[in-house]
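Source file work.cif; content: mmCIF, C-alpha atoms.
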data_query
#
loop_
_atom_site.label_atom_id
_atom_site.label_comp_id
_atom_site.auth_asym_id
_atom_site.auth_seq_id
_atom_site.Cartn_x
_atom_site.Cartn_y
_atom_site.Cartn_z
CA MET A 1 105.23 -44.12 46.73
CA SER A 2 104.56 -40.48 47.25
CA ARG A 3 105.51 -39.79 43.66
CA ARG A 4 102.95 -42.27 42.48
CA MET A 5 100.37 -40.66 44.67
CA ASP A 6 101.25 -37.30 43.17
CA ILE A 7 100.80 -38.67 39.70
CA TYR A 8 97.61 -40.48 40.68
CA GLU A 9 95.87 -37.48 42.11
CA PRO A 10 96.01 -35.38 38.92
CA MET A 11 94.95 -38.35 36.88
CA HIS A 12 92.21 -39.10 39.34
CA GLN A 13 91.04 -35.52 39.22
CA MET A 14 91.09 -35.60 35.43
CA GLY A 15 89.04 -38.79 35.56
CA MET A 16 86.62 -37.13 37.94
CA TRP A 17 86.42 -34.15 35.63
CA GLY A 18 85.78 -36.43 32.70
CA GLU A 19 83.02 -38.20 34.56
CA ASN A 20 81.62 -34.89 35.70
CA TYR A 21 81.77 -33.60 32.14
CA LYS A 22 79.98 -36.68 30.87
CA THR A 23 77.35 -36.35 33.55
CA ASN A 24 76.91 -32.66 32.89
CA SER A 25 76.80 -33.24 29.15
CA ILE A 26 74.14 -35.86 29.67
CA LEU A 27 72.24 -33.50 31.93
CA ASN A 28 72.73 -30.64 29.52
CA ASN A 29 71.62 -32.76 26.59
CA SER A 30 68.48 -33.90 28.44
CA THR A 31 67.84 -30.35 29.53
CA ILE A 32 68.19 -29.11 25.95
CA ILE A 33 65.86 -31.84 24.75
CA GLU A 34 63.34 -30.91 27.42
CA LEU A 35 63.64 -27.24 26.54
CA ASP A 36 63.23 -28.02 22.86
CA ALA A 37 60.15 -30.07 23.66
CA LYS A 38 58.73 -27.27 25.78
CA LEU A 39 59.46 -24.75 23.04
CA ASP A 40 57.78 -27.01 20.52
CA ASP A 41 54.78 -27.37 22.79
CA GLN A 42 54.64 -23.63 23.35
CA SER A 43 54.96 -22.88 19.66
CA GLU A 44 52.24 -25.43 18.93
CA ASN A 45 50.04 -23.94 21.61
CA MET A 46 50.72 -20.49 20.26
CA SER A 47 49.85 -21.65 16.78
CA HIS A 48 46.66 -23.19 18.11
CA GLY A 49 45.97 -20.04 20.11
CA ASN A 50 46.44 -17.85 17.09
CA SER A 51 44.27 -20.05 14.87
CA GLY A 52 41.50 -20.23 17.49
CA PRO A 53 40.19 -16.69 17.07
CA SER A 54 40.65 -16.94 13.31
CA ASN A 55 38.53 -20.07 13.19
CA ARG A 56 35.96 -18.40 15.44
CA TYR A 57 35.86 -15.36 13.20
CA ASP A 58 35.48 -17.60 10.16
CA GLN A 59 32.62 -19.44 11.84
CA GLU A 60 30.92 -16.18 12.78
CA ALA A 61 31.35 -14.88 9.25
CA SER A 62 29.92 -18.09 7.82
CA ASN A 63 27.04 -17.97 10.31
CA LYS A 64 25.99 -14.43 9.32
CA PRO A 65 24.64 -15.40 5.86
CA ILE A 66 22.85 -18.35 7.45
CA GLU A 67 21.26 -16.10 10.06
CA LYS A 68 20.24 -13.64 7.33
CA ILE A 69 18.68 -16.44 5.29
CA GLN A 70 16.86 -17.79 8.34
CA ARG A 71 15.59 -14.32 9.19
CA ARG A 72 14.38 -13.83 5.64
CA LEU A 73 12.69 -17.23 5.64
CA ALA A 74 10.95 -16.30 8.88
CA GLN A 75 9.76 -13.05 7.34
CA ASN A 76 8.50 -14.92 4.30
CA ARG A 77 6.63 -17.37 6.50
CA GLU A 78 5.05 -14.50 8.42
CA ALA A 79 4.05 -12.76 5.18
CA ALA A 80 2.57 -16.01 3.87
CA ARG A 81 0.65 -16.47 7.11
CA LYS A 82 -0.81 -12.96 6.88
CA SER A 83 -1.68 -13.54 3.24
CA ARG A 84 -3.56 -16.71 4.19
CA LEU A 85 -5.43 -14.80 6.88
CA ARG A 86 -6.38 -12.05 4.44
CA LYS A 87 -7.52 -14.65 1.93
CA LYS A 88 -9.57 -16.39 4.59
CA ALA A 89 -11.19 -13.10 5.63
CA TYR A 90 -11.89 -12.28 1.98
CA VAL A 91 -13.57 -15.66 1.45
CA GLN A 92 -15.62 -15.15 4.59
CA GLN A 93 -16.75 -11.74 3.35
CA LEU A 94 -17.72 -13.26 0.02
CA GLU A 95 -19.75 -15.92 1.81
CA THR A 96 -21.43 -13.28 3.97
CA SER A 97 -22.29 -11.22 0.89
CA ARG A 98 -23.66 -14.31 -0.83
CA LEU A 99 -25.92 -15.04 2.14
CA LYS A 100 -27.10 -11.44 2.20
CA LEU A 101 -27.92 -11.62 -1.49
CA ILE A 102 -29.87 -14.84 -0.98
CA GLN A 103 -31.81 -13.23 1.84
CA LEU A 104 -32.48 -10.15 -0.28
CA GLU A 105 -33.72 -12.29 -3.17
CA GLN A 106 -36.04 -14.14 -0.81
CA GLU A 107 -37.43 -10.85 0.49
CA LEU A 108 -37.94 -9.61 -3.06
CA GLN A 109 -39.73 -12.80 -3.98
CA HIS A 110 -41.96 -12.55 -0.91
CA ALA A 111 -42.77 -8.91 -1.70
CA ARG A 112 -43.48 -9.80 -5.32
CA GLN A 113 -45.97 -12.44 -4.26
CA GLN A 114 -47.80 -9.87 -2.14
CA GLY A 115 -47.70 -7.26 -4.91
CA LEU A 116 -45.91 -4.73 -2.74
CA TYR A 117 -43.56 -1.87 -3.63
CA VAL A 118 -39.95 -2.65 -2.77
CA GLY A 119 -36.61 -0.90 -2.74
CA ASN A 120 -36.37 2.65 -3.96
CA GLY A 121 -39.08 2.34 -6.63
CA VAL A 122 -41.73 0.12 -8.10
CA GLU A 123 -41.13 -3.61 -8.04
CA ALA A 124 -39.34 -4.73 -11.19
CA SER A 125 -41.93 -7.28 -12.31
CA HIS A 126 -44.58 -4.53 -12.50
CA MET A 127 -42.48 -2.82 -15.18
CA GLY A 128 -41.95 -5.98 -17.14
CA PHE A 129 -38.31 -6.50 -16.06
CA SER A 130 -36.90 -9.72 -14.66
CA SER A 131 -36.14 -9.87 -10.96
CA SER A 132 -32.71 -11.26 -11.79
CA VAL A 133 -31.74 -7.75 -12.95
CA ASN A 134 -32.19 -6.36 -9.45
CA THR A 135 -30.32 -9.30 -7.98
CA ASP A 136 -27.41 -8.84 -10.40
CA ASN A 137 -27.26 -5.12 -9.62
CA SER A 138 -27.25 -5.81 -5.88
CA ALA A 139 -24.47 -8.35 -6.35
CA GLY A 140 -22.43 -5.81 -8.31
CA ILE A 141 -22.81 -3.15 -5.63
CA ALA A 142 -22.05 -5.63 -2.85
CA ALA A 143 -18.87 -6.63 -4.66
CA PHE A 144 -17.93 -2.97 -5.10
CA GLU A 145 -18.44 -2.20 -1.39
CA MET A 146 -16.25 -5.13 -0.41
CA GLU A 147 -13.52 -4.22 -2.90
CA TYR A 148 -13.70 -0.58 -1.84
CA GLY A 149 -13.16 -1.67 1.77
CA HIS A 150 -10.00 -3.49 0.69
CA TRP A 151 -8.99 -0.40 -1.30
CA LEU A 152 -9.26 1.76 1.83
CA GLU A 153 -7.10 -0.68 3.81
CA GLU A 154 -4.43 -0.59 1.12
CA GLN A 155 -4.72 3.20 0.94
CA ASN A 156 -4.03 3.52 4.67
CA ARG A 157 -1.01 1.25 4.30
CA LEU A 158 0.38 3.32 1.41
CA ILE A 159 -0.10 6.53 3.40
CA CYS A 160 1.89 5.07 6.29
CA GLU A 161 4.66 3.97 3.91
CA LEU A 162 4.84 7.42 2.32
CA ARG A 163 5.01 9.13 5.71
CA THR A 164 7.76 6.77 6.90
CA ALA A 165 9.73 7.14 3.66
CA LEU A 166 9.62 10.94 3.75
CA ASN A 167 10.75 11.01 7.36
CA ALA A 168 13.55 8.52 6.64
CA HIS A 169 14.86 10.56 3.67
CA ILE A 170 15.18 7.56 1.35
CA SER A 171 16.50 7.88 -2.19
CA ASP A 172 14.38 9.35 -4.99
CA ILE A 173 14.43 6.00 -6.81
CA GLU A 174 12.78 4.23 -3.87
CA LEU A 175 10.41 7.15 -3.39
CA ARG A 176 9.41 7.05 -7.07
CA ILE A 177 8.30 3.44 -6.62
CA LEU A 178 5.96 4.50 -3.79
CA VAL A 179 4.62 7.41 -5.85
CA GLU A 180 3.84 5.12 -8.78
CA SER A 181 2.13 2.68 -6.40
CA GLY A 182 -0.03 5.49 -5.05
CA MET A 183 -0.96 6.65 -8.56
CA ASN A 184 -1.85 3.12 -9.65
CA HIS A 185 -3.93 2.73 -6.51
CA TYR A 186 -6.14 5.69 -7.47
CA SER A 187 -6.45 4.28 -10.99
CA GLU A 188 -7.74 1.07 -9.44
CA LEU A 189 -10.43 3.06 -7.59
CA PHE A 190 -11.57 4.67 -10.84
CA ARG A 191 -11.78 1.22 -12.43
CA LEU A 192 -13.90 -0.10 -9.55
CA LYS A 193 -16.27 2.86 -9.85
CA ALA A 194 -16.63 2.38 -13.61
CA THR A 195 -17.58 -1.27 -13.07
CA ALA A 196 -20.02 -0.42 -10.27
CA SER A 197 -21.70 2.30 -12.34
CA LYS A 198 -22.79 -0.35 -14.82
CA SER A 199 -24.64 -2.09 -12.00
CA ASP A 200 -26.18 1.01 -10.39
CA VAL A 201 -25.15 4.40 -11.70
CA PHE A 202 -27.32 6.23 -9.15
CA TYR A 203 -25.46 4.51 -6.31
CA VAL A 204 -22.09 5.69 -7.59
CA MET A 205 -23.26 9.18 -8.53
CA SER A 206 -24.89 9.79 -5.14
CA GLY A 207 -21.75 8.76 -3.25
CA LEU A 208 -23.54 6.31 -0.95
CA TRP A 209 -20.24 4.47 -0.59
CA LYS A 210 -18.60 7.57 0.93
CA THR A 211 -18.92 9.15 4.35
CA SER A 212 -21.30 12.05 4.95
CA ALA A 213 -18.51 14.68 5.04
CA GLU A 214 -17.11 13.39 1.75
CA ARG A 215 -20.56 13.50 0.16
CA PHE A 216 -20.79 17.17 1.13
CA PHE A 217 -18.00 17.89 -1.40
CA LEU A 218 -19.23 15.37 -3.96
CA TRP A 219 -19.11 16.29 -7.66
CA ILE A 220 -20.23 13.74 -10.29
CA GLY A 221 -19.42 10.75 -8.12
CA GLY A 222 -16.11 12.00 -6.70
CA PHE A 223 -13.93 14.94 -5.77
CA ARG A 224 -13.65 18.13 -7.80
CA PRO A 225 -10.04 18.29 -9.13
CA SER A 226 -9.71 22.08 -9.03
CA GLU A 227 -10.81 22.21 -5.38
CA LEU A 228 -8.24 19.58 -4.42
CA LEU A 229 -5.52 21.56 -6.17
CA LYS A 230 -6.43 24.52 -3.95
CA VAL A 231 -6.10 22.29 -0.89
CA LEU A 232 -2.81 20.71 -1.96
CA LEU A 233 -1.02 23.79 -3.29
CA PRO A 234 0.01 25.16 0.16
CA GLN A 235 1.37 21.72 1.09
CA LEU A 236 3.81 21.63 -1.84
CA ASP A 237 5.95 24.69 -1.02
CA PRO A 238 8.52 25.59 -2.05
CA LEU A 239 7.62 25.52 -5.75
CA THR A 240 9.71 27.02 -8.51
CA GLU A 241 8.19 29.82 -10.55
CA GLN A 242 7.70 27.48 -13.49
CA GLN A 243 6.04 24.84 -11.30
CA PHE A 244 3.70 27.44 -9.81
CA MET A 245 2.68 28.62 -13.27
CA ASP A 246 2.12 25.04 -14.46
CA VAL A 247 -0.08 24.26 -11.43
CA CYS A 248 -2.11 27.46 -11.97
CA ASN A 249 -2.61 26.59 -15.64
CA LEU A 250 -3.64 23.07 -14.68
CA LYS A 251 -6.15 24.40 -12.17
CA GLN A 252 -7.62 26.72 -14.79
CA SER A 253 -7.94 23.84 -17.28
CA CYS A 254 -9.64 21.74 -14.61
CA GLN A 255 -12.14 24.49 -13.87
CA GLN A 256 -13.00 24.82 -17.56
CA ALA A 257 -13.46 21.06 -17.91
CA GLU A 258 -15.55 20.95 -14.73
CA ASP A 259 -17.81 23.73 -15.99
CA ALA A 260 -18.32 21.89 -19.27
CA LEU A 261 -19.09 18.63 -17.47
CA SER A 262 -21.48 20.38 -15.10
CA GLN A 263 -23.32 21.88 -18.06
CA GLY A 264 -23.51 18.46 -19.64
CA MET A 265 -24.86 17.02 -16.40
CA ASP A 266 -27.52 19.74 -16.15
CA LYS A 267 -28.55 19.02 -19.72
CA LEU A 268 -28.71 15.30 -19.03
CA GLN A 269 -30.84 15.82 -15.91
CA GLN A 270 -33.19 18.01 -17.91
CA THR A 271 -33.62 15.48 -20.73
CA LEU A 272 -34.01 12.65 -18.19
CA ALA A 273 -36.72 14.54 -16.33
CA GLU A 274 -38.50 15.30 -19.60
CA SER A 275 -38.36 11.63 -20.60
CA VAL A 276 -39.86 10.50 -17.29
CA ALA A 277 -42.56 13.19 -17.40
CA ALA A 278 -43.49 12.56 -21.04
CA GLY A 279 -47.18 11.94 -21.70
CA ARG A 280 -49.94 12.49 -19.17
CA LEU A 281 -49.11 11.93 -15.50
CA GLY A 282 -51.72 10.38 -13.20
CA GLU A 283 -52.86 7.66 -15.60
CA GLY A 284 -50.85 4.88 -13.88
CA SER A 285 -48.89 4.04 -17.04
CA TYR A 286 -45.13 4.46 -16.87
CA VAL A 287 -43.50 1.64 -18.84
CA PRO A 288 -42.96 3.63 -22.10
CA GLN A 289 -41.57 6.64 -20.27
CA THR A 290 -39.19 4.62 -18.08
CA GLY A 291 -38.02 2.70 -21.13
CA THR A 292 -37.05 5.97 -22.83
CA ALA A 293 -35.40 7.20 -19.64
CA MET A 294 -33.30 4.04 -19.48
CA GLU A 295 -31.69 5.05 -22.76
CA LYS A 296 -30.86 8.45 -21.31
CA LEU A 297 -29.16 6.81 -18.33
CA GLU A 298 -26.55 5.32 -20.63
CA ALA A 299 -25.24 8.87 -21.08
CA LEU A 300 -25.11 9.21 -17.30
CA VAL A 301 -22.83 6.19 -17.07
CA SER A 302 -20.52 7.86 -19.59
CA PHE A 303 -19.86 10.65 -17.09
CA ILE A 304 -18.07 8.09 -14.93
CA SER A 305 -16.75 5.28 -17.09
CA GLN A 306 -16.37 6.54 -20.69
CA PRO A 307 -13.20 8.40 -21.79
CA THR A 308 -14.96 10.43 -24.51
CA PRO A 309 -16.81 13.71 -23.86
CA PRO A 310 -20.58 13.29 -23.48
CA GLY A 311 -22.99 14.90 -25.96
CA GLY A 312 -23.85 17.72 -23.58
CA ILE A 313 -20.38 19.26 -24.01
CA LYS A 314 -19.67 21.50 -26.98
CA ALA A 315 -17.54 19.81 -29.61
CA SER A 316 -15.39 22.94 -29.97
CA PHE A 317 -14.24 22.63 -26.36
CA VAL A 318 -11.24 20.33 -26.07
CA LEU A 319 -11.21 18.48 -22.77
CA PRO A 320 -7.70 17.90 -21.40
CA PHE A 321 -8.49 14.53 -19.88
CA GLY A 322 -12.06 13.41 -20.59
CA PRO A 323 -15.10 13.32 -18.27
CA ALA A 324 -15.35 12.86 -14.48
CA ASP A 325 -12.93 10.18 -13.23
CA HIS A 326 -10.75 10.62 -16.29
CA LEU A 327 -10.44 14.27 -15.39
CA ARG A 328 -9.48 13.30 -11.84
CA GLN A 329 -6.97 10.70 -13.01
CA GLY A 330 -5.49 13.07 -15.57
CA THR A 331 -5.09 15.79 -12.94
CA LEU A 332 -3.13 13.44 -10.70
CA GLN A 333 -0.92 12.37 -13.59
CA GLN A 334 -0.24 15.96 -14.65
CA MET A 335 0.68 16.90 -11.08
CA SER A 336 3.14 14.02 -10.88
CA ARG A 337 4.84 15.35 -14.04
CA ILE A 338 5.02 18.93 -12.80
CA LEU A 339 6.38 18.09 -9.34
CA THR A 340 9.62 16.48 -8.31
CA THR A 341 9.52 12.94 -6.92
CA ARG A 342 9.68 14.16 -3.32
CA GLN A 343 7.02 16.82 -3.93
CA ALA A 344 4.75 14.25 -5.59
CA ALA A 345 5.14 11.98 -2.57
CA ARG A 346 4.22 14.84 -0.26
CA GLY A 347 1.23 15.63 -2.45
CA LEU A 348 -0.07 12.04 -2.34
CA LEU A 349 0.45 11.96 1.43
CA ALA A 350 -1.45 15.25 1.85
CA LEU A 351 -4.25 14.00 -0.41
CA GLY A 352 -4.61 10.77 1.54
CA GLU A 353 -4.61 12.53 4.90
CA TYR A 354 -7.18 15.04 3.63
CA PHE A 355 -9.65 12.24 2.90
CA GLN A 356 -8.79 10.57 6.21
CA ARG A 357 -9.71 13.78 8.04
CA LEU A 358 -13.03 13.95 6.21
CA LYS A 359 -13.81 10.39 7.28
CA ALA A 360 -12.81 11.20 10.87
CA LEU A 361 -15.03 14.30 10.78
CA SER A 362 -17.97 12.15 9.69
CA SER A 363 -17.38 9.70 12.54
CA ILE A 364 -17.04 12.46 15.15
CA TRP A 365 -20.15 14.20 13.86
CA ALA A 366 -22.18 10.98 13.89
CA THR A 367 -21.13 10.11 17.47
CA ARG A 368 -21.37 13.63 18.91
CA PRO A 369 -23.34 14.01 22.17
CA ARG A 370 -26.85 15.23 21.56
CA GLU A 371 -29.21 17.01 23.87
CA PRO A 372 -32.34 15.00 24.66
CA THR A 373 -35.37 16.21 22.72
#
Reformat the file's structure so that it appears as structure tokens.
Amino acid sequence: MSRRMDIYEPMHQMGMWGENYKTNSILNNSTIIELDAKLDDQSENMSHGNSGPSNRYDQEASNKPIEKIQRRLAQNREAARKSRLRKKAYVQQLETSRLKLIQLEQELQHARQQGLYVGNGVEASHMGFSSSVNTDNSAGIAAFEMEYGHWLEEQNRLICELRTALNAHISDIELRILVESGMNHYSELFRLKATASKSDVFYVMSGLWKTSAERFFLWIGGFRPSELLKVLLPQLDPLTEQQFMDVCNLKQSCQQAEDALSQGMDKLQQTLAESVAAGRLGEGSYVPQTGTAMEKLEALVSFISQPTPPGGIKASFVLPFGPADHLRQGTLQQMSRILTTRQAARGLLALGEYFQRLKALSSIWATRPREPT
């Protein structure tokens, strides 16, 4: 009996070990499965965690072009809105000018009926001219004044762009674009003056469209090129020796051309005065004399709008650029060739600010406090 018990106990223990082993193996297997599942979950979470920032970066990268496009579209809408406002203001100015012209024509008609003197001279019908001529001339000058106002606005904008560009030290290529825009802008002014001179040459020549300080320096309907070169030269330093010589030669050529044009103008004024004073004064007859003087005025228009030298200039003298505004335009073009791009930009900026100061001087002088008389 005891022997059986001895045998039983080892076998029983082995059975217990077997059961324990099975239980432990089951537990171990379930534990391994759970650990594998956790590791899979963690690896999946890690993969999701790693892909999260990547997807976010991809979304941000894809959003940047969209934001840039939206910003550009907003800028285009704003530019279009401003353009519509400018167009609306321009149309309103045209309508205002049209109403003023209608009112002026009515006043002329009323004065004509009463046989009065109007404007700056004798009423047109007394000289045998149609009243529509005066109306057309007034319309041409009104259009010029409105276009010149727009020209000044654009000029102020270009000056601001030049100042900003020079302070920002942009590339010469970008700066060259601004310089060419400034040069073309002055060419547009000369074109406007040439058109206006055909409507009323005296208006353009007298500088009524300029401020009082600008008229003080007026020469044949504009600025004297050689005087402006004297003003601009100190603003262009440092110049190379060759540049300095070229500018001095240009100034000398301008002075010679100005002298020739001034002589031609003196001659024209003399012949015009002789034409008006022809015959006996005091007889009340002036139609033949004014008709002859009208022919002389065609030469006066040539001082502003024609590229060929007028008859008052000696044929042996070769003008470098042609009369008046052509001399001014040619001087600007020659300066742009002599100077570097950055120097030319500084020159245009100095020229624009010079005229701005003259306008400011006129305003300050007109609004100065006066002592009571």
d(CA of Leu236 in chain A, CA of Gly347 in chain A) in Å =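 Computing it gives 6.6 Å between the two atoms.
Across the chains present, the PyMOL selection byres ((chain A and resi 174-184) around 7) applied to this file returns A:Leu158, A:Leu162, A:Ile170, A:Ser171, A:Asp172, A:Ile173, A:His185, A:Tyr186, A:Ser187, A:Glu188, A:Thr341, A:Ala344, A:Ala345.
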Å distance separating CA of Leu351 in chain A from CA of Val231 in chain A, one decimal place =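 A separation of 8.5 Å between them.
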Could you state which residues are captured by the PyMOL selection byres ((chain A and resi 261) around 8) in this file, as a PDB file with C-alpha atoms, keeping the file's coordinate frame?
ATOM      1  CA  ALA A 257     -13.460  21.060 -17.910  1.00  0.00           C
ATOM      2  CA  GLU A 258     -15.550  20.950 -14.730  1.00  0.00           C
ATOM      3  CA  ASP A 259     -17.810  23.730 -15.990  1.00  0.00           C
ATOM      4  CA  ALA A 260     -18.320  21.890 -19.270  1.00  0.00           C
ATOM      5  CA  SER A 262     -21.480  20.380 -15.100  1.00  0.00           C
ATOM      6  CA  GLN A 263     -23.320  21.880 -18.060  1.00  0.00           C
ATOM      7  CA  GLY A 264     -23.510  18.460 -19.640  1.00  0.00           C
ATOM      8  CA  MET A 265     -24.860  17.020 -16.400  1.00  0.00           C
ATOM      9  CA  GLY A 312     -23.850  17.720 -23.580  1.00  0.00           C
ATOM     10  CA  ILE A 313     -20.380  19.260 -24.010  1.00  0.00           C
ATOM     11  CA  PRO A 323     -15.100  13.320 -18.270  1.00  0.00           C
ATOM     12  CA  ALA A 324     -15.350  12.860 -14.480  1.00  0.00           C
TER      13      ALA A 324
END
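Note that CA of Ala168 in chain A and CA of Leu332 in chain A are 24.6 Å apart.
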key: Among listed residues A:Arg357, A:Arg77, A:Arg224, A:Lys87, nearest Leu327 in chain A (using only C-alpha atoms)   = A:Arg224
query = Using all atoms listed in the file, which of the listed residues (A:Arg71, A:Arg328, A:Arg98, A:Arg157) sits closest to Leu349 in chain A?
reply =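 With all atoms listed in the file as the atom set, the closest residue is A:Arg157.
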message = Residues near range 196-206 of chain A, anyone? I mean within 7 Å using all atoms listed in the file, not counting same-chain ones fewer than 5 positions away, as a PyMOL selection string.
response = chain A and resi 137+140-141+144+220-221+301
key: Among the residues A:Lys82, A:Lys100, A:Lys230, A:Lys359, the one that comes closest to Gln255 in chain A [using all atoms listed in the file]   =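 Smallest separation from Gln255 in chain A among the options: A:Lys230.
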